[in-house]
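A short write-up of the structure that comes next.
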Amino acid sequence: MNITIIGAGSTALAAAAFFNLKNIPCQVFVRNRMKAAFWNKTPLTVRGRMDASFFVPVVTDLKEACQKADILMVCTHATDHEAVVEEVAPFLREGQCLLFMNGCWGAIKACRVLSKKQDVPDITIAETANMPFISRLSPDYKCLDFKAMKEEIGYSCLGKEGELSNLFHLMASKVSRVASPASTSLSATNPIIHVTQCLFNITRIENGESFHFFGVPLTRRVADYMEACDNERIAIGKALGLSLSSLLDVLNASWGDKKENLYEALTENESYKTVMAPSDLKGRYLSEDLPCGMGSLRDLADMMHVEAPHIRSLVDTLSLYLGTAYTPFLTPQDLRVIKSLK
């Protein structure tokens, strides 16, 4: 099993560190020449969940990166998924697996893009429901704070599973497979948690304050708003014929620490106590979770005629605040793919 990791952020580096620990051959495709040059001469120091120092196995040629891999693990922003599929498509070969970590509709986008192309080899398309690694890469690229790994991974798989199950069992003690990539994408917990907190702390974020996201800033009223969004997410899944677990159940299963309500799950869990708020309005919570996670829920609610006032107001208010026109993330064409893969 040889893995190429596409992406060079915190998630990609955490995966590379984990595979290095497990002696699984891997390489990281890095488009940024400055990062590539730095890691070619300077080892990455890893602290936290594991303590290590290793040279990141860097590849800068995409064709070479694809040819080496049995599994192409995509660890980019969800906004880049479509572009990634377009770029790797010419280099795909029979039997490969295209795996989207923290799926966020990556598999759906891949199915739609590849369906338009001729002579596409028989590959597997898979995605996970959430990101198993919790980590942060330092601004100077020298150190990775590997904070935690979740105890459960949910994934979907279209095609031959191959080594996927074995790979996931190395990462987590509990692994579950669902039938549809729509289920994995709709099971993502982070968008509801992150985007709601961003809305109710937006001025603190804009002012560059440093604070723990799930400490004092999270009130029971905000947790109730999250729960209302979550109920709407479940209703959207039901309209698609999918049975989804509640956000609380997902968090309890992921961390193996049972809490009675959402407020407790986010304020009493040790892994969440250290999570810092984004330092500005360009952070991933607003640049990815807002359009791809919450925006996709708004799109599906509109297309499926499901009432979702909390989700809609969340997306629309933040779009207005940020001065960015709301643009649908999922299209009717995506919905047709989703329905065909149920």
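Residues in the structure tokens are numbered from 1 in each chain, the chains being A, B, ... in the order shown, and ligands are numbered from 1 in the order shown.
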How close does range 171-230 of chain A get to range 89-112 of chain A? List, as CSV, each residue of range 171-230 of chain A within 8 Å, its nearest atom pair and the distance in Å to one decimal, counting only C-alpha atoms.
```
residue,atom,partner,partner_atom,distance
A:Pro181,CA,A:Ala107,CA,6.3
A:Ala182,CA,A:Trp105,CA,7.1
A:Thr184,CA,A:Gly103,CA,6.9
A:Ser185,CA,A:Cys104,CA,4.7
A:Leu186,CA,A:Cys104,CA,7.8
A:Ala188,CA,A:Cys104,CA,7.3
```
Would you give me, as JSON lines, each residue of range 240-285 of chain A having an atom within 10 Å of an atom of range 217-222 of chain A, along with its shortest atom pair and that distance in Å to one decimal, using only C-alpha atoms and sorting by chain and residue number?
```
{"residue": "A:Asn261", "atom": "CA", "partner": "A:Arg220", "partner_atom": "CA", "distance": 9.9}
{"residue": "A:Leu262", "atom": "CA", "partner": "A:Arg220", "partner_atom": "CA", "distance": 8.7}
{"residue": "A:Tyr263", "atom": "CA", "partner": "A:Arg220", "partner_atom": "CA", "distance": 6.0}
{"residue": "A:Glu264", "atom": "CA", "partner": "A:Arg220", "partner_atom": "CA", "distance": 9.1}
{"residue": "A:Leu266", "atom": "CA", "partner": "A:Leu218", "partner_atom": "CA", "distance": 8.2}
{"residue": "A:Thr267", "atom": "CA", "partner": "A:Leu218", "partner_atom": "CA", "distance": 7.6}
{"residue": "A:Ala277", "atom": "CA", "partner": "A:Pro217", "partner_atom": "CA", "distance": 9.9}
```
Between CA of Ala126 in chain A and CA of Leu158 in chain A, what distance in Å does the model show, to one decimal?
6.1 Å
Could you pull out the residues in range 59-176 of chain A that DSSP calls alpha helix (DSSP H) from the backbone, as a ChimeraX atom specification?
/A:62-68,81-88,106-115,164-171
Could you turn the residues from that selection into a file that holds N, CA and C atoms, as a short mmCIF file (atom, residue, chain, number, x, y, z; two decimals), in the first residue's frame?
```
data_model
loop_
_atom_site.label_atom_id
_atom_site.label_comp_id
_atom_site.auth_asym_id
_atom_site.auth_seq_id
_atom_site.Cartn_x
_atom_site.Cartn_y
_atom_site.Cartn_z
N LEU A 62 2.92 16.28 -10.21
CA LEU A 62 1.64 15.60 -9.96
C LEU A 62 1.57 14.26 -10.67
N LYS A 63 2.07 14.17 -11.88
CA LYS A 63 2.04 12.89 -12.61
C LYS A 63 2.82 11.83 -11.84
N GLU A 64 4.01 12.20 -11.37
CA GLU A 64 4.83 11.27 -10.59
C GLU A 64 4.11 10.88 -9.30
N ALA A 65 3.49 11.87 -8.65
CA ALA A 65 2.78 11.63 -7.39
C ALA A 65 1.65 10.62 -7.58
N CYS A 66 0.93 10.75 -8.70
CA CYS A 66 -0.19 9.84 -8.97
C CYS A 66 0.29 8.45 -9.35
N GLN A 67 1.35 8.37 -10.14
CA GLN A 67 1.84 7.08 -10.60
C GLN A 67 2.36 6.22 -9.45
N LYS A 68 2.87 6.85 -8.40
CA LYS A 68 3.42 6.10 -7.27
C LYS A 68 2.36 5.49 -6.39
N HIS A 81 -11.82 20.63 -4.17
CA HIS A 81 -12.02 19.23 -4.57
C HIS A 81 -12.22 19.07 -6.07
N GLU A 82 -13.08 19.90 -6.63
CA GLU A 82 -13.37 19.77 -8.06
C GLU A 82 -12.12 20.00 -8.90
N ALA A 83 -11.33 21.01 -8.53
CA ALA A 83 -10.10 21.30 -9.26
C ALA A 83 -9.10 20.16 -9.12
N VAL A 84 -9.03 19.56 -7.94
CA VAL A 84 -8.12 18.43 -7.72
C VAL A 84 -8.48 17.27 -8.63
N VAL A 85 -9.77 16.95 -8.71
CA VAL A 85 -10.20 15.83 -9.56
C VAL A 85 -9.86 16.11 -11.02
N GLU A 86 -10.10 17.33 -11.48
CA GLU A 86 -9.76 17.71 -12.86
C GLU A 86 -8.28 17.52 -13.13
N GLU A 87 -7.43 17.86 -12.16
CA GLU A 87 -5.99 17.80 -12.37
C GLU A 87 -5.45 16.37 -12.32
N VAL A 88 -6.01 15.53 -11.44
CA VAL A 88 -5.47 14.16 -11.33
C VAL A 88 -6.08 13.22 -12.36
N GLY A 106 -16.69 15.59 -1.54
CA GLY A 106 -15.62 15.30 -2.48
C GLY A 106 -15.97 14.16 -3.43
N ALA A 107 -16.55 13.08 -2.88
CA ALA A 107 -16.91 11.92 -3.72
C ALA A 107 -17.97 12.29 -4.74
N ILE A 108 -18.94 13.10 -4.33
CA ILE A 108 -20.00 13.53 -5.26
C ILE A 108 -19.41 14.36 -6.38
N LYS A 109 -18.52 15.31 -6.02
CA LYS A 109 -17.87 16.14 -7.03
C LYS A 109 -17.05 15.28 -7.98
N ALA A 110 -16.33 14.29 -7.42
CA ALA A 110 -15.51 13.42 -8.26
C ALA A 110 -16.36 12.62 -9.24
N CYS A 111 -17.48 12.08 -8.76
CA CYS A 111 -18.38 11.32 -9.64
C CYS A 111 -18.89 12.21 -10.77
N ARG A 112 -19.26 13.43 -10.44
CA ARG A 112 -19.80 14.33 -11.46
C ARG A 112 -18.73 14.70 -12.49
N VAL A 113 -17.53 15.04 -12.01
CA VAL A 113 -16.46 15.44 -12.92
C VAL A 113 -16.04 14.28 -13.83
N LEU A 114 -15.83 13.11 -13.23
CA LEU A 114 -15.33 11.97 -14.00
C LEU A 114 -16.38 11.40 -14.96
N SER A 115 -17.67 11.60 -14.64
CA SER A 115 -18.72 11.09 -15.52
C SER A 115 -18.73 11.81 -16.87
N LEU A 164 -8.60 -0.13 2.04
CA LEU A 164 -9.18 0.99 2.77
C LEU A 164 -9.54 0.64 4.22
N SER A 165 -10.26 -0.45 4.39
CA SER A 165 -10.69 -0.83 5.73
C SER A 165 -9.50 -1.04 6.65
N ASN A 166 -8.46 -1.73 6.15
CA ASN A 166 -7.25 -1.95 6.96
C ASN A 166 -6.59 -0.62 7.33
N LEU A 167 -6.57 0.31 6.37
CA LEU A 167 -5.97 1.61 6.62
C LEU A 167 -6.72 2.35 7.73
N PHE A 168 -8.05 2.35 7.65
CA PHE A 168 -8.85 3.07 8.65
C PHE A 168 -8.76 2.43 10.02
N HIS A 169 -8.64 1.09 10.05
CA HIS A 169 -8.51 0.40 11.34
C HIS A 169 -7.17 0.70 12.01
N LEU A 170 -6.18 1.10 11.23
CA LEU A 170 -4.93 1.55 11.83
C LEU A 170 -5.09 2.92 12.49
N MET A 171 -6.01 3.72 11.95
CA MET A 171 -6.20 5.08 12.43
C MET A 171 -7.15 5.18 13.62
#
```
Quick one: everything within 12 Å of Ala37 in chain A, counting only C-alpha atoms, minus sequence neighbours fewer than 4 positions away in the same chain. Send it as JSON, numbers by chain.
{"A": [30, 31, 32, 33, 41, 42, 43, 55, 56, 57, 58, 59, 60, 141]}
Fewer than 3 positions away in the same chain doesn't count, so skip those; otherwise give me all residues within 12 Å of Ala228 in chain A, counting only C-alpha atoms, as a PDB file with N, CA and C atoms, in the first residue's frame.
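The resulting file, out.pdb, is reproduced below:
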```pdb
ATOM      1  N   ILE A 192     -21.369  22.716  11.533  1.00  0.00           N
ATOM      2  CA  ILE A 192     -22.387  23.274  12.435  1.00  0.00           C
ATOM      3  C   ILE A 192     -21.728  23.872  13.673  1.00  0.00           C
ATOM      4  N   ILE A 193     -20.770  23.160  14.238  1.00  0.00           N
ATOM      5  CA  ILE A 193     -20.094  23.621  15.448  1.00  0.00           C
ATOM      6  C   ILE A 193     -19.295  24.890  15.180  1.00  0.00           C
ATOM      7  N   THR A 196     -21.406  28.166  13.604  1.00  0.00           N
ATOM      8  CA  THR A 196     -22.269  28.809  14.597  1.00  0.00           C
ATOM      9  C   THR A 196     -21.435  29.614  15.585  1.00  0.00           C
ATOM     10  N   ARG A 221     -27.326  28.829  25.108  1.00  0.00           N
ATOM     11  CA  ARG A 221     -28.194  29.323  24.040  1.00  0.00           C
ATOM     12  C   ARG A 221     -27.556  29.085  22.663  1.00  0.00           C
ATOM     13  N   VAL A 222     -26.243  29.282  22.567  1.00  0.00           N
ATOM     14  CA  VAL A 222     -25.541  29.001  21.315  1.00  0.00           C
ATOM     15  C   VAL A 222     -25.579  27.500  21.014  1.00  0.00           C
ATOM     16  N   ALA A 223     -25.391  26.672  22.053  1.00  0.00           N
ATOM     17  CA  ALA A 223     -25.474  25.219  21.868  1.00  0.00           C
ATOM     18  C   ALA A 223     -26.862  24.820  21.385  1.00  0.00           C
ATOM     19  N   ASP A 224     -27.899  25.511  21.866  1.00  0.00           N
ATOM     20  CA  ASP A 224     -29.263  25.241  21.417  1.00  0.00           C
ATOM     21  C   ASP A 224     -29.429  25.600  19.940  1.00  0.00           C
ATOM     22  N   TYR A 225     -28.775  26.685  19.525  1.00  0.00           N
ATOM     23  CA  TYR A 225     -28.837  27.074  18.106  1.00  0.00           C
ATOM     24  C   TYR A 225     -28.164  25.997  17.245  1.00  0.00           C
ATOM     25  N   ASN A 231     -30.904  19.513  13.887  1.00  0.00           N
ATOM     26  CA  ASN A 231     -32.210  18.908  13.595  1.00  0.00           C
ATOM     27  C   ASN A 231     -32.608  19.153  12.136  1.00  0.00           C
ATOM     28  N   GLU A 232     -32.265  20.315  11.622  1.00  0.00           N
ATOM     29  CA  GLU A 232     -32.560  20.609  10.218  1.00  0.00           C
ATOM     30  C   GLU A 232     -31.698  19.759   9.293  1.00  0.00           C
ATOM     31  N   ARG A 233     -30.439  19.530   9.675  1.00  0.00           N
ATOM     32  CA  ARG A 233     -29.564  18.638   8.901  1.00  0.00           C
ATOM     33  C   ARG A 233     -30.154  17.234   8.825  1.00  0.00           C
ATOM     34  N   ILE A 234     -30.649  16.740   9.952  1.00  0.00           N
ATOM     35  CA  ILE A 234     -31.248  15.408   9.995  1.00  0.00           C
ATOM     36  C   ILE A 234     -32.502  15.353   9.123  1.00  0.00           C
ATOM     37  N   ALA A 235     -33.273  16.439   9.115  1.00  0.00           N
ATOM     38  CA  ALA A 235     -34.483  16.503   8.280  1.00  0.00           C
ATOM     39  C   ALA A 235     -34.123  16.486   6.799  1.00  0.00           C
ATOM     40  N   SER A 246     -27.503  12.045  15.357  1.00  0.00           N
ATOM     41  CA  SER A 246     -27.455  13.424  15.842  1.00  0.00           C
ATOM     42  C   SER A 246     -26.009  13.840  16.068  1.00  0.00           C
ATOM     43  N   LEU A 247     -25.796  15.138  16.088  1.00  0.00           N
ATOM     44  CA  LEU A 247     -24.462  15.678  16.319  1.00  0.00           C
ATOM     45  C   LEU A 247     -23.900  15.184  17.645  1.00  0.00           C
ATOM     46  N   LEU A 262     -25.284  18.594  24.122  1.00  0.00           N
ATOM     47  CA  LEU A 262     -24.288  19.180  23.241  1.00  0.00           C
ATOM     48  C   LEU A 262     -23.398  20.187  23.969  1.00  0.00           C
ATOM     49  N   GLU A 307     -37.741  22.801   5.313  1.00  0.00           N
ATOM     50  CA  GLU A 307     -37.637  24.004   6.140  1.00  0.00           C
ATOM     51  C   GLU A 307     -36.331  23.968   6.936  1.00  0.00           C
ATOM     52  N   ALA A 308     -35.522  25.020   6.779  1.00  0.00           N
ATOM     53  CA  ALA A 308     -34.250  25.082   7.499  1.00  0.00           C
ATOM     54  C   ALA A 308     -33.931  26.530   7.853  1.00  0.00           C
ATOM     55  N   PRO A 309     -34.762  27.171   8.680  1.00  0.00           N
ATOM     56  CA  PRO A 309     -34.568  28.601   8.963  1.00  0.00           C
ATOM     57  C   PRO A 309     -33.273  28.916   9.694  1.00  0.00           C
ATOM     58  N   HIS A 310     -32.820  28.036  10.595  1.00  0.00           N
ATOM     59  CA  HIS A 310     -31.589  28.317  11.332  1.00  0.00           C
ATOM     60  C   HIS A 310     -30.365  28.225  10.418  1.00  0.00           C
ATOM     61  N   ILE A 311     -30.326  27.192   9.592  1.00  0.00           N
ATOM     62  CA  ILE A 311     -29.209  27.039   8.656  1.00  0.00           C
ATOM     63  C   ILE A 311     -29.195  28.181   7.654  1.00  0.00           C
ATOM     64  N   ARG A 312     -30.364  28.502   7.117  1.00  0.00           N
ATOM     65  CA  ARG A 312     -30.446  29.564   6.111  1.00  0.00           C
ATOM     66  C   ARG A 312     -30.015  30.907   6.688  1.00  0.00           C
ATOM     67  N   SER A 313     -30.495  31.232   7.889  1.00  0.00           N
ATOM     68  CA  SER A 313     -30.143  32.516   8.490  1.00  0.00           C
ATOM     69  C   SER A 313     -28.661  32.576   8.831  1.00  0.00           C
ATOM     70  N   LEU A 314     -28.096  31.450   9.250  1.00  0.00           N
ATOM     71  CA  LEU A 314     -26.670  31.379   9.577  1.00  0.00           C
ATOM     72  C   LEU A 314     -25.826  31.697   8.347  1.00  0.00           C
TER      73      LEU A 314
END
```
Return the single residue from A:Val178, A:Met304, A:Ala52, A:Ile5 that is closest to Ser243 in chain A, with distances computed using only C-alpha atoms.
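Among the listed residues, A:Val178 lies closest to Ser243 in chain A.
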Per residue of range 213-326 of chain A within 12 Å of range 147-153 of chain A, record the nearest atom pair and its distance in Å to one decimal, counting only C-alpha atoms, with rows in chain order and ascending residue number, as CSV.
```
residue,atom,partner,partner_atom,distance
A:Asp249,CA,A:Glu152,CA,11.8
A:Val250,CA,A:Glu152,CA,9.1
A:Leu251,CA,A:Lys150,CA,9.4
A:Asn252,CA,A:Glu152,CA,9.7
A:Ala253,CA,A:Glu152,CA,6.5
A:Ser254,CA,A:Glu152,CA,4.8
A:Trp255,CA,A:Glu151,CA,5.6
A:Gly256,CA,A:Glu151,CA,6.7
A:Asp257,CA,A:Glu151,CA,10.0
A:Glu270,CA,A:Ala148,CA,10.1
A:Ser271,CA,A:Ala148,CA,7.1
A:Tyr272,CA,A:Ala148,CA,10.1
A:Lys273,CA,A:Lys147,CA,11.4
A:Thr274,CA,A:Lys147,CA,9.1
A:Val275,CA,A:Lys147,CA,9.6
```
Under the rule that only C-alpha atoms are counted, which of A:Ile338, A:Ala239, A:Ala265, A:Leu281 is the nearest residue to Ala301 in chain A?
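For Ala301 in chain A, the nearest of the given residues is A:Ala239.
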Report the distance between CA of Leu322 in chain A and CA of Thr128 in chain A in Å, rounded to one decimal place.
29.5 Å
Selected residue, from A:Arg177, A:Lys339, A:His305, A:Lys259, that lies nearest to Ser156 in chain A when counting only C-alpha atoms:
A:Arg177
For CA of Gly293 in chain A and CA of Val195 in chain A, determine how far apart the two atoms are, in Å to one decimal place.
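Calculated distance between CA of Gly293 in chain A and CA of Val195 in chain A is 8.9 Å.
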Long-range neighbours of Leu21 in chain A as a compact mmCIF listing (two decimals) with C-alpha atoms, in the first residue's frame, 9 Å cut-off, only C-alpha atoms, 3 positions minimum in chain:
```txt
# COMPACT_ATOMS: atom_id res chain seq x y z
CA ALA A 16 2.29 11.90 6.76
CA ALA A 17 3.55 11.80 10.36
CA PHE A 18 1.14 8.99 11.22
CA ILE A 24 3.46 2.94 5.50
CA MET A 50 3.33 11.66 18.99
CA ALA A 52 9.00 12.66 16.31
```
